[in-house]
file structure38.pdb (PDB, N, CA and C atoms)
ATOM      1  N   MET J 101       0.813  -1.187   0.000
ATOM      2  CA  MET J 101       0.000   0.000   0.000
ATOM      3  C   MET J 101       0.865   1.263   0.000
ATOM      4  N   LEU J 102       1.949   1.267   0.745
ATOM      5  CA  LEU J 102       2.827   2.436   0.764
ATOM      6  C   LEU J 102       3.413   2.695  -0.616
ATOM      7  N   ALA J 103       3.797   1.644  -1.302
ATOM      8  CA  ALA J 103       4.327   1.802  -2.653
ATOM      9  C   ALA J 103       3.281   2.416  -3.578
ATOM     10  N   ASP J 104       2.040   2.012  -3.411
ATOM     11  CA  ASP J 104       0.963   2.585  -4.216
ATOM     12  C   ASP J 104       0.805   4.075  -3.945
ATOM     13  N   LEU J 105       0.887   4.466  -2.692
ATOM     14  CA  LEU J 105       0.751   5.878  -2.339
ATOM     15  C   LEU J 105       1.916   6.711  -2.866
ATOM     16  N   ILE J 106       3.107   6.153  -2.803
ATOM     17  CA  ILE J 106       4.270   6.863  -3.347
ATOM     18  C   ILE J 106       4.094   7.057  -4.844
ATOM     19  N   TRP J 107       3.666   6.014  -5.539
ATOM     20  CA  TRP J 107       3.456   6.124  -6.982
ATOM     21  C   TRP J 107       2.377   7.153  -7.290
ATOM     22  N   LEU J 108       1.279   7.103  -6.565
ATOM     23  CA  LEU J 108       0.184   8.035  -6.796
ATOM     24  C   LEU J 108       0.621   9.477  -6.527
ATOM     25  N   ASN J 109       1.370   9.703  -5.484
ATOM     26  CA  ASN J 109       1.865  11.047  -5.198
ATOM     27  C   ASN J 109       2.811  11.543  -6.285
ATOM     28  N   ALA J 110       3.635  10.662  -6.808
ATOM     29  CA  ALA J 110       4.525  11.046  -7.903
ATOM     30  C   ALA J 110       3.713  11.418  -9.140
ATOM     31  N   LEU J 111       2.670  10.654  -9.412
ATOM     32  CA  LEU J 111       1.787  10.961 -10.536
ATOM     33  C   LEU J 111       1.144  12.338 -10.351
ATOM     34  N   ILE J 112       0.607  12.581  -9.171
ATOM     35  CA  ILE J 112      -0.030  13.875  -8.885
ATOM     36  C   ILE J 112       0.976  15.000  -9.025
ATOM     37  N   ALA J 113       2.172  14.800  -8.527
ATOM     38  CA  ALA J 113       3.204  15.838  -8.607
ATOM     39  C   ALA J 113       3.525  16.190 -10.056
ATOM     40  N   THR J 114       3.669  15.185 -10.899
ATOM     41  CA  THR J 114       4.011  15.474 -12.303
ATOM     42  C   THR J 114       2.866  16.183 -13.017
ATOM     43  N   GLU J 115       1.651  15.811 -12.690
ATOM     44  CA  GLU J 115       0.506  16.479 -13.315
ATOM     45  C   GLU J 115       0.373  17.919 -12.825
ATOM     46  N   LEU J 116       0.651  18.170 -11.555
ATOM     47  CA  LEU J 116       0.594  19.533 -11.041
ATOM     48  C   LEU J 116       1.669  20.416 -11.667
ATOM     49  N   ILE J 117       2.816  19.853 -11.927
ATOM     50  CA  ILE J 117       3.863  20.610 -12.621
ATOM     51  C   ILE J 117       3.349  21.038 -13.990
ATOM     52  N   GLN J 118       2.689  20.127 -14.681
ATOM     53  CA  GLN J 118       2.165  20.445 -16.004
ATOM     54  C   GLN J 118       1.071  21.499 -15.933
ATOM     55  N   VAL J 119       0.194  21.395 -14.954
ATOM     56  CA  VAL J 119      -0.865  22.394 -14.781
ATOM     57  C   VAL J 119      -0.243  23.765 -14.526
ATOM     58  N   THR J 120       0.802  23.802 -13.709
ATOM     59  CA  THR J 120       1.490  25.066 -13.423
ATOM     60  C   THR J 120       2.070  25.664 -14.698
ATOM     61  N   GLU J 121       2.730  24.843 -15.496
ATOM     62  CA  GLU J 121       3.300  25.334 -16.758
ATOM     63  C   GLU J 121       2.209  25.839 -17.693
ATOM     64  N   ASN J 122       1.129  25.093 -17.800
ATOM     65  CA  ASN J 122       0.043  25.504 -18.688
ATOM     66  C   ASN J 122      -0.588  26.808 -18.218
ATOM     67  N   SER J 123      -0.805  26.913 -16.913
ATOM     68  CA  SER J 123      -1.403  28.141 -16.364
ATOM     69  C   SER J 123      -0.482  29.335 -16.587
ATOM     70  N   SER J 124       0.797  29.131 -16.389
ATOM     71  CA  SER J 124       1.768  30.199 -16.603
ATOM     72  C   SER J 124       1.755  30.659 -18.052
ATOM     73  N   ALA J 125       1.722  29.712 -18.958
ATOM     74  CA  ALA J 125       1.710  30.053 -20.378
ATOM     75  C   ALA J 125       0.449  30.837 -20.749
ATOM     76  N   ILE J 126      -0.673  30.454 -20.187
ATOM     77  CA  ILE J 126      -1.930  31.157 -20.467
ATOM     78  C   ILE J 126      -1.870  32.582 -19.935
ATOM     79  N   LEU J 127      -1.423  32.733 -18.694
ATOM     80  CA  LEU J 127      -1.368  34.059 -18.085
ATOM     81  C   LEU J 127      -0.337  34.968 -18.753
ATOM     82  N   ARG J 128       0.800  34.418 -19.102
ATOM     83  CA  ARG J 128       1.868  35.200 -19.731
ATOM     84  C   ARG J 128       1.642  35.405 -21.224
ATOM     85  N   LYS J 129       0.812  34.547 -21.797
ATOM     86  CA  LYS J 129       0.609  34.511 -23.246
ATOM     87  C   LYS J 129       1.924  34.214 -23.973
ATOM     88  N   SER J 130       2.744  33.436 -23.309
ATOM     89  CA  SER J 130       4.008  32.949 -23.861
ATOM     90  C   SER J 130       4.466  31.781 -22.990
ATOM     91  N   PRO J 131       5.401  31.001 -23.484
ATOM     92  CA  PRO J 131       5.881  29.865 -22.684
ATOM     93  C   PRO J 131       6.525  30.334 -21.374
ATOM     94  N   PRO J 132       6.555  29.456 -20.371
ATOM     95  CA  PRO J 132       7.240  29.804 -19.130
ATOM     96  C   PRO J 132       8.734  30.058 -19.407
ATOM     97  N   PRO J 133       9.397  30.782 -18.529
ATOM     98  CA  PRO J 133      10.835  31.024 -18.712
ATOM     99  C   PRO J 133      11.608  29.712 -18.782
ATOM    100  N   ASP J 134      12.691  29.726 -19.539
ATOM    101  CA  ASP J 134      13.512  28.516 -19.695
ATOM    102  C   ASP J 134      14.001  27.985 -18.357
ATOM    103  N   SER J 135      14.342  28.882 -17.435
ATOM    104  CA  SER J 135      14.833  28.426 -16.127
ATOM    105  C   SER J 135      13.759  27.607 -15.407
ATOM    106  N   CYS J 136      12.515  28.027 -15.517
ATOM    107  CA  CYS J 136      11.416  27.278 -14.895
ATOM    108  C   CYS J 136      11.240  25.925 -15.576
ATOM    109  N   LEU J 137      11.300  25.922 -16.887
ATOM    110  CA  LEU J 137      11.128  24.657 -17.612
ATOM    111  C   LEU J 137      12.220  23.659 -17.235
ATOM    112  N   GLN J 138      13.440  24.145 -17.082
ATOM    113  CA  GLN J 138      14.542  23.258 -16.690
ATOM    114  C   GLN J 138      14.339  22.712 -15.285
ATOM    115  N   GLU J 139      13.917  23.574 -14.373
ATOM    116  CA  GLU J 139      13.666  23.121 -13.003
ATOM    117  C   GLU J 139      12.498  22.141 -12.958
ATOM    118  N   HIS J 140      11.457  22.419 -13.717
ATOM    119  CA  HIS J 140      10.306  21.518 -13.755
ATOM    120  C   HIS J 140      10.705  20.157 -14.315
ATOM    121  N   GLN J 141      11.563  20.153 -15.325
ATOM    122  CA  GLN J 141      12.020  18.886 -15.889
ATOM    123  C   GLN J 141      12.772  18.074 -14.840
ATOM    124  N   ALA J 142      13.619  18.729 -14.073
ATOM    125  CA  ALA J 142      14.362  18.024 -13.024
ATOM    126  C   ALA J 142      13.401  17.464 -11.969
ATOM    127  N   LEU J 143      12.381  18.235 -11.626
ATOM    128  CA  LEU J 143      11.391  17.750 -10.667
ATOM    129  C   LEU J 143      10.607  16.564 -11.220
ATOM    130  N   ARG J 144      10.263  16.626 -12.516
ATOM    131  CA  ARG J 144       9.564  15.497 -13.146
ATOM    132  C   ARG J 144      10.421  14.239 -13.097
ATOM    133  N   GLU J 145      11.694  14.401 -13.412
ATOM    134  CA  GLU J 145      12.596  13.244 -13.412
ATOM    135  C   GLU J 145      12.712  12.624 -12.022
ATOM    136  N   THR J 146      12.763  13.460 -10.994
ATOM    137  CA  THR J 146      12.831  12.959  -9.623
ATOM    138  C   THR J 146      11.550  12.203  -9.270
ATOM    139  N   ALA J 147      10.407  12.787  -9.593
ATOM    140  CA  ALA J 147       9.131  12.119  -9.304
ATOM    141  C   ALA J 147       9.015  10.814 -10.086
ATOM    142  N   LEU J 148       9.441  10.829 -11.341
ATOM    143  CA  LEU J 148       9.386   9.606 -12.154
ATOM    144  C   LEU J 148      10.305   8.536 -11.574
ATOM    145  N   PHE J 149      11.490   8.932 -11.123
ATOM    146  CA  PHE J 149      12.411   7.978 -10.512
ATOM    147  C   PHE J 149      11.755   7.287  -9.315
ATOM    148  N   MET J 150      11.099   8.090  -8.469
ATOM    149  CA  MET J 150      10.426   7.517  -7.301
ATOM    150  C   MET J 150       9.285   6.592  -7.717
ATOM    151  N   ALA J 151       8.517   7.025  -8.698
ATOM    152  CA  ALA J 151       7.389   6.205  -9.156
ATOM    153  C   ALA J 151       7.869   4.890  -9.744
ATOM    154  N   GLU J 152       8.899   4.943 -10.568
ATOM    155  CA  GLU J 152       9.416   3.726 -11.208
ATOM    156  C   GLU J 152      10.084   2.800 -10.193
ATOM    157  N   LYS J 153      10.640   3.375  -9.147
ATOM    158  CA  LYS J 153      11.286   2.563  -8.107
ATOM    159  C   LYS J 153      10.275   1.648  -7.425
ATOM    160  N   TYR J 154       9.086   2.163  -7.188
ATOM    161  CA  TYR J 154       8.084   1.403  -6.447
ATOM    162  C   TYR J 154       7.053   0.707  -7.325
ATOM    163  N   ARG J 155       6.928   1.153  -8.565
ATOM    164  CA  ARG J 155       5.977   0.510  -9.469
ATOM    165  C   ARG J 155       6.492   0.658 -10.898
ATOM    166  N   PRO J 156       7.466  -0.162 -11.272
ATOM    167  CA  PRO J 156       8.035  -0.061 -12.624
ATOM    168  C   PRO J 156       7.058  -0.547 -13.694
ATOM    169  N   GLY J 157       7.252  -0.015 -14.886
ATOM    170  CA  GLY J 157       6.496  -0.512 -16.027
ATOM    171  C   GLY J 157       5.124   0.083 -16.229
ATOM    172  N   THR J 158       4.829   1.186 -15.568
ATOM    173  CA  THR J 158       3.528   1.825 -15.785
ATOM    174  C   THR J 158       3.626   2.745 -16.998
ATOM    175  N   MET J 159       2.544   3.352 -17.344
ATOM    176  CA  MET J 159       2.492   4.266 -18.489
ATOM    177  C   MET J 159       2.980   5.676 -18.129
ATOM    178  N   LEU J 160       3.377   5.890 -16.884
ATOM    179  CA  LEU J 160       3.739   7.237 -16.447
ATOM    180  C   LEU J 160       4.883   7.817 -17.269
ATOM    181  N   SER J 161       5.903   7.053 -17.505
ATOM    182  CA  SER J 161       7.041   7.555 -18.282
ATOM    183  C   SER J 161       6.615   7.959 -19.689
ATOM    184  N   GLN J 162       5.822   7.123 -20.335
ATOM    185  CA  GLN J 162       5.342   7.444 -21.682
ATOM    186  C   GLN J 162       4.442   8.666 -21.661
ATOM    187  N   HIS J 163       3.630   8.791 -20.648
ATOM    188  CA  HIS J 163       2.735   9.927 -20.522
ATOM    189  C   HIS J 163       3.522  11.227 -20.349
ATOM    190  N   LEU J 164       4.552  11.171 -19.520
ATOM    191  CA  LEU J 164       5.337  12.381 -19.259
ATOM    192  C   LEU J 164       6.073  12.868 -20.499
ATOM    193  N   THR J 165       6.465  11.974 -21.363
ATOM    194  CA  THR J 165       7.153  12.424 -22.579
ATOM    195  C   THR J 165       6.216  13.210 -23.484
ATOM    196  N   LYS J 166       4.921  12.989 -23.369
ATOM    197  CA  LYS J 166       3.953  13.753 -24.149
ATOM    198  C   LYS J 166       3.813  15.170 -23.632
ATOM    199  N   HIS J 167       4.156  15.395 -22.356
ATOM    200  CA  HIS J 167       4.066  16.728 -21.772
ATOM    201  C   HIS J 167       5.096  17.687 -22.342
ATOM    202  N   GLN J 168       6.172  17.155 -22.871
ATOM    203  CA  GLN J 168       7.303  18.022 -23.221
ATOM    204  C   GLN J 168       7.252  18.506 -24.632
TER
END
call {"tool": "encode", "arguments": {"input": "structure38.pdb", "output": "structure tokens"}}
result
Amino acid sequence: MLADLIWLNALIATELIQVTENSSAILRKSPPPDSCLQEHQALRETALFMAEKYRPGTMLSQHLTKHQ
């Protein structure tokens, strides 16, 4: 059960990062700053690492590549 919660939290974290980027782009009427995109990518990679550690082989990795 703990592994499931870790995976679910990682999923939520990656989706919230995407929502933040999308909201920023809408408000700015331009893409987020490159520095933010780089930091968000690092955060996504960390969350994906945690998710894959506890539940490998899910669609999360494939899904995240569509975000970029």
call {"tool": "residues_around", "arguments": {"input": "structure38.pdb", "residues": "J:Met150", "least_positions_apart": "5", "cutoff": "6.5 Å", "atoms": "only N, CA and C atoms", "output": "list in words"}}
result
Ile106, Trp107, Glu145 and Arg155 of chain J
call {"tool": "select_by_dssp", "arguments": {"input": "structure38.pdb", "residues": "chain J", "states": "helix (DSSP H, G or I)", "output": "PyMOL selection string"}}
result
chain J and resi 102-128+134-154+160-167
call {"tool": "closest_residue", "arguments": {"input": "structure38.pdb", "among": "J:Glu139, J:Tyr154, J:Pro133, J:Ile126", "to": "J:Ala103", "atoms": "only N, CA and C atoms"}}
result
J:Tyr154
call {"tool": "residues_around", "arguments": {"input": "structure38.pdb", "residues": "stretch 114-123 of chain J", "least_positions_apart": "2", "cutoff": "7 Å", "atoms": "only C-alpha atoms", "output": "list of chain:residue names"}}
result
J:Ala110, J:Leu111, J:Ile112, J:Ala125, J:Ile126, J:Leu127, J:Pro132, J:His140, J:Arg144, J:Ala147
call {"tool": "closest_residue", "arguments": {"input": "structure38.pdb", "among": "J:Leu143, J:Cys136, J:Met101, J:Met159", "to": "J:Ala113", "atoms": "all atoms listed in the file"}}
result
J:Leu143
call {"tool": "atom_distance", "arguments": {"input": "structure38.pdb", "atom1": "atom C of J:Leu108", "atom2": "atom CA of J:Ala151"}}
result
8.0 Å
call {"tool": "atom_distance", "arguments": {"input": "structure38.pdb", "atom1": "atom N of J:Ser124", "atom2": "atom N of J:Phe149"}}
result
23.5 Å
call {"tool": "atom_distance", "arguments": {"input": "structure38.pdb", "atom1": "atom CA of J:Lys153", "atom2": "atom N of J:Leu137"}}
result
25.0 Å
call {"tool": "axis_aligned_box", "arguments": {"input": "structure38.pdb", "around": "stretch 138-155 of chain J", "padding_each_side": "6 Å", "output": "AutoDock Vina command-line options"}}
result
--center_x 10.3 --center_y 12.3 --center_z -11.8 --size_x 20.6 --size_y 35.6 --size_z 22.6
